[in-house]
Every structure is written in C-alpha cells, then in structure tokens.
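Structure file run24.pdb; described as PDB, C-alpha atoms.
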ATOM      1  CA  MET R  23      -4.992 -67.906  32.855  1.00  0.00           C
ATOM      2  CA  ASP R  24      -8.100 -69.158  31.197  1.00  0.00           C
ATOM      3  CA  LEU R  25     -10.063 -67.648  28.345  1.00  0.00           C
ATOM      4  CA  LYS R  26     -12.865 -66.404  30.598  1.00  0.00           C
ATOM      5  CA  LYS R  27     -10.456 -64.446  32.815  1.00  0.00           C
ATOM      6  CA  LEU R  28      -8.649 -62.950  29.817  1.00  0.00           C
ATOM      7  CA  ARG R  29     -11.960 -61.820  28.349  1.00  0.00           C
ATOM      8  CA  GLU R  30     -12.997 -60.298  31.681  1.00  0.00           C
ATOM      9  CA  ASP R  31      -9.718 -58.364  31.707  1.00  0.00           C
ATOM     10  CA  ILE R  32     -10.359 -57.151  28.161  1.00  0.00           C
ATOM     11  CA  ASP R  33     -13.895 -56.113  29.122  1.00  0.00           C
ATOM     12  CA  ALA R  34     -12.528 -54.065  32.017  1.00  0.00           C
ATOM     13  CA  ILE R  35      -9.995 -52.399  29.728  1.00  0.00           C
ATOM     14  CA  ASP R  36     -12.686 -51.693  27.121  1.00  0.00           C
ATOM     15  CA  THR R  37     -14.836 -50.013  29.773  1.00  0.00           C
ATOM     16  CA  LEU R  38     -11.899 -47.841  30.788  1.00  0.00           C
ATOM     17  CA  ILE R  39     -11.064 -46.970  27.169  1.00  0.00           C
ATOM     18  CA  SER R  40     -14.696 -46.020  26.513  1.00  0.00           C
ATOM     19  CA  SER R  41     -14.756 -43.760  29.575  1.00  0.00           C
ATOM     20  CA  LEU R  42     -11.552 -42.089  28.453  1.00  0.00           C
ATOM     21  CA  ILE R  43     -12.865 -41.585  24.927  1.00  0.00           C
ATOM     22  CA  GLU R  44     -15.980 -39.980  26.382  1.00  0.00           C
ATOM     23  CA  LYS R  45     -13.816 -37.605  28.448  1.00  0.00           C
ATOM     24  CA  ARG R  46     -11.628 -36.856  25.424  1.00  0.00           C
ATOM     25  CA  MET R  47     -14.696 -35.928  23.360  1.00  0.00           C
ATOM     26  CA  GLU R  48     -15.899 -33.615  26.127  1.00  0.00           C
ATOM     27  CA  LEU R  49     -12.537 -31.853  25.966  1.00  0.00           C
ATOM     28  CA  VAL R  50     -12.730 -31.748  22.173  1.00  0.00           C
ATOM     29  CA  GLU R  51     -16.039 -29.899  22.464  1.00  0.00           C
ATOM     30  CA  GLN R  52     -14.431 -27.330  24.760  1.00  0.00           C
ATOM     31  CA  ILE R  53     -11.516 -26.925  22.348  1.00  0.00           C
ATOM     32  CA  ALA R  54     -13.948 -26.528  19.441  1.00  0.00           C
ATOM     33  CA  LYS R  55     -15.662 -23.688  21.261  1.00  0.00           C
ATOM     34  CA  ILE R  56     -12.342 -21.904  21.834  1.00  0.00           C
ATOM     35  CA  LYS R  57     -11.296 -22.451  18.215  1.00  0.00           C
ATOM     36  CA  LYS R  58     -14.611 -21.075  16.978  1.00  0.00           C
ATOM     37  CA  GLU R  59     -14.427 -18.026  19.258  1.00  0.00           C
ATOM     38  CA  ASN R  60     -10.888 -17.315  18.042  1.00  0.00           C
ATOM     39  CA  ASN R  61     -11.478 -18.189  14.387  1.00  0.00           C
ATOM     40  CA  LEU R  62      -8.904 -20.993  14.467  1.00  0.00           C
ATOM     41  CA  PRO R  63      -8.893 -23.967  12.081  1.00  0.00           C
ATOM     42  CA  LYS R  64     -10.308 -27.298  13.248  1.00  0.00           C
ATOM     43  CA  GLU R  65      -7.335 -29.222  11.949  1.00  0.00           C
ATOM     44  CA  ASP R  66      -3.891 -28.965  13.555  1.00  0.00           C
ATOM     45  CA  LEU R  67      -1.661 -31.467  11.795  1.00  0.00           C
ATOM     46  CA  LYS R  68       1.391 -30.421  13.796  1.00  0.00           C
ATOM     47  CA  ARG R  69      -0.418 -31.208  17.052  1.00  0.00           C
ATOM     48  CA  GLU R  70      -1.595 -34.560  15.685  1.00  0.00           C
ATOM     49  CA  GLU R  71       1.961 -35.454  14.697  1.00  0.00           C
ATOM     50  CA  GLU R  72       3.259 -34.452  18.137  1.00  0.00           C
ATOM     51  CA  ILE R  73       0.715 -36.704  19.837  1.00  0.00           C
ATOM     52  CA  ILE R  74       1.489 -39.690  17.629  1.00  0.00           C
ATOM     53  CA  ASN R  75       5.240 -39.200  18.029  1.00  0.00           C
ATOM     54  CA  ARG R  76       4.972 -39.006  21.812  1.00  0.00           C
ATOM     55  CA  LEU R  77       2.740 -42.044  22.093  1.00  0.00           C
ATOM     56  CA  THR R  78       4.738 -44.210  19.704  1.00  0.00           C
ATOM     57  CA  LEU R  79       7.934 -43.394  21.585  1.00  0.00           C
ATOM     58  CA  GLU R  80       6.254 -44.404  24.854  1.00  0.00           C
ATOM     59  CA  HIS R  81       4.663 -47.556  23.416  1.00  0.00           C
ATOM     60  CA  LYS R  82       7.033 -48.978  20.817  1.00  0.00           C
ATOM     61  CA  LYS R  83       5.545 -52.491  20.994  1.00  0.00           C
ATOM     62  CA  VAL R  84       2.292 -51.185  19.526  1.00  0.00           C
ATOM     63  CA  GLU R  85       3.581 -48.337  17.357  1.00  0.00           C
ATOM     64  CA  LYS R  86       1.630 -49.422  14.273  1.00  0.00           C
ATOM     65  CA  GLU R  87      -1.594 -49.837  16.240  1.00  0.00           C
ATOM     66  CA  ILE R  88      -1.156 -46.448  17.946  1.00  0.00           C
ATOM     67  CA  LYS R  89      -0.778 -44.734  14.571  1.00  0.00           C
ATOM     68  CA  GLU R  90      -3.875 -46.415  13.167  1.00  0.00           C
ATOM     69  CA  LEU R  91      -5.948 -45.846  16.299  1.00  0.00           C
ATOM     70  CA  TYR R  92      -5.096 -42.163  16.564  1.00  0.00           C
ATOM     71  CA  LYS R  93      -5.939 -41.505  12.932  1.00  0.00           C
ATOM     72  CA  VAL R  94      -9.452 -42.698  13.802  1.00  0.00           C
ATOM     73  CA  ILE R  95      -9.511 -40.732  17.069  1.00  0.00           C
ATOM     74  CA  PHE R  96      -8.433 -37.551  15.264  1.00  0.00           C
ATOM     75  CA  ASP R  97     -11.093 -38.054  12.592  1.00  0.00           C
ATOM     76  CA  LEU R  98     -13.784 -38.562  15.241  1.00  0.00           C
ATOM     77  CA  SER R  99     -12.543 -35.529  17.148  1.00  0.00           C
ATOM     78  CA  LYS R 100     -12.754 -33.316  14.047  1.00  0.00           C
ATOM     79  CA  LYS R 101     -16.293 -34.548  13.391  1.00  0.00           C
ATOM     80  CA  ARG R 102     -17.198 -33.740  16.998  1.00  0.00           C
ATOM     81  CA  GLU R 103     -15.760 -30.239  16.618  1.00  0.00           C
TER      82      GLU R 103
END
As a first step, turn the structure in this file into structure tokens.
Amino acid sequence: MDLKKLREDIDAIDTLISSLIEKRMELVEQIAKIKKENNLPKEDLKREEEIINRLTLEHKKVEKEIKELYKVIFDLSKKRE
C-alpha cells in the first residue's frame, strides 16, 4: 500500500468516528434530560469504569489509547450534559 491509500483509509475512518461521536453526543443530550428530570448526578464513575473495562478487554492492542480516548469522551459528554 502507498501513503496516499493509507491516508484515504484514515480519512474514511475519521469520517466514521466523527459521525459516531455526533450520534453519541445526541444520546448524551437525551440522557442529560432524563438525569435532570430525575435529579440524578451528571457523573457516573461506575458506568465510566464499566465502559473502559469492556472496551479494553475487547481491544487489548490499544488498551492505553482506549483509556486516554474515553477520558476525553467522558469529559466532553459531561460538558454536553
């Protein structure tokens, strides 16, 4: 494979990731509404830990990156809430 093809593949993946992040944030907004209506806290550290544990078990090759990425995703999600 050449550099151009690899970069095209990365661009396609980045587009998919961005679409999924957009969908995730839409769901976060719905969750925020439910939490507000039920007077629940924004932060759920147990849930965050469950997500990271599940994903790192499924993707051991990138365990470190998953942990770092999801810390950012959780922070963005809390800001969105």
For this file, the PyMOL selection byres ((chain R and resi 58-73) around 12) selects which residues, as a ChimeraX atom specification? /R:50-57,74-80,88-89,91-103
First collect every listed atom of segment 45-63 of chain R; then fit an axis-aligned box around them, widen it by 4 Å on each side, and give centre and edge lengths in Å to one decimal, as lines of an AutoDock Vina configuration file.
center_x = -12.5
center_y = -27.5
center_z = 20.3
size_x = 15.1
size_y = 28.3
size_z = 24.4
Calculate how many Å separate atom CA of Arg29 of chain R from atom CA of Lys82 of chain R, rounding to one decimal.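 It comes out at 24.1 Å.
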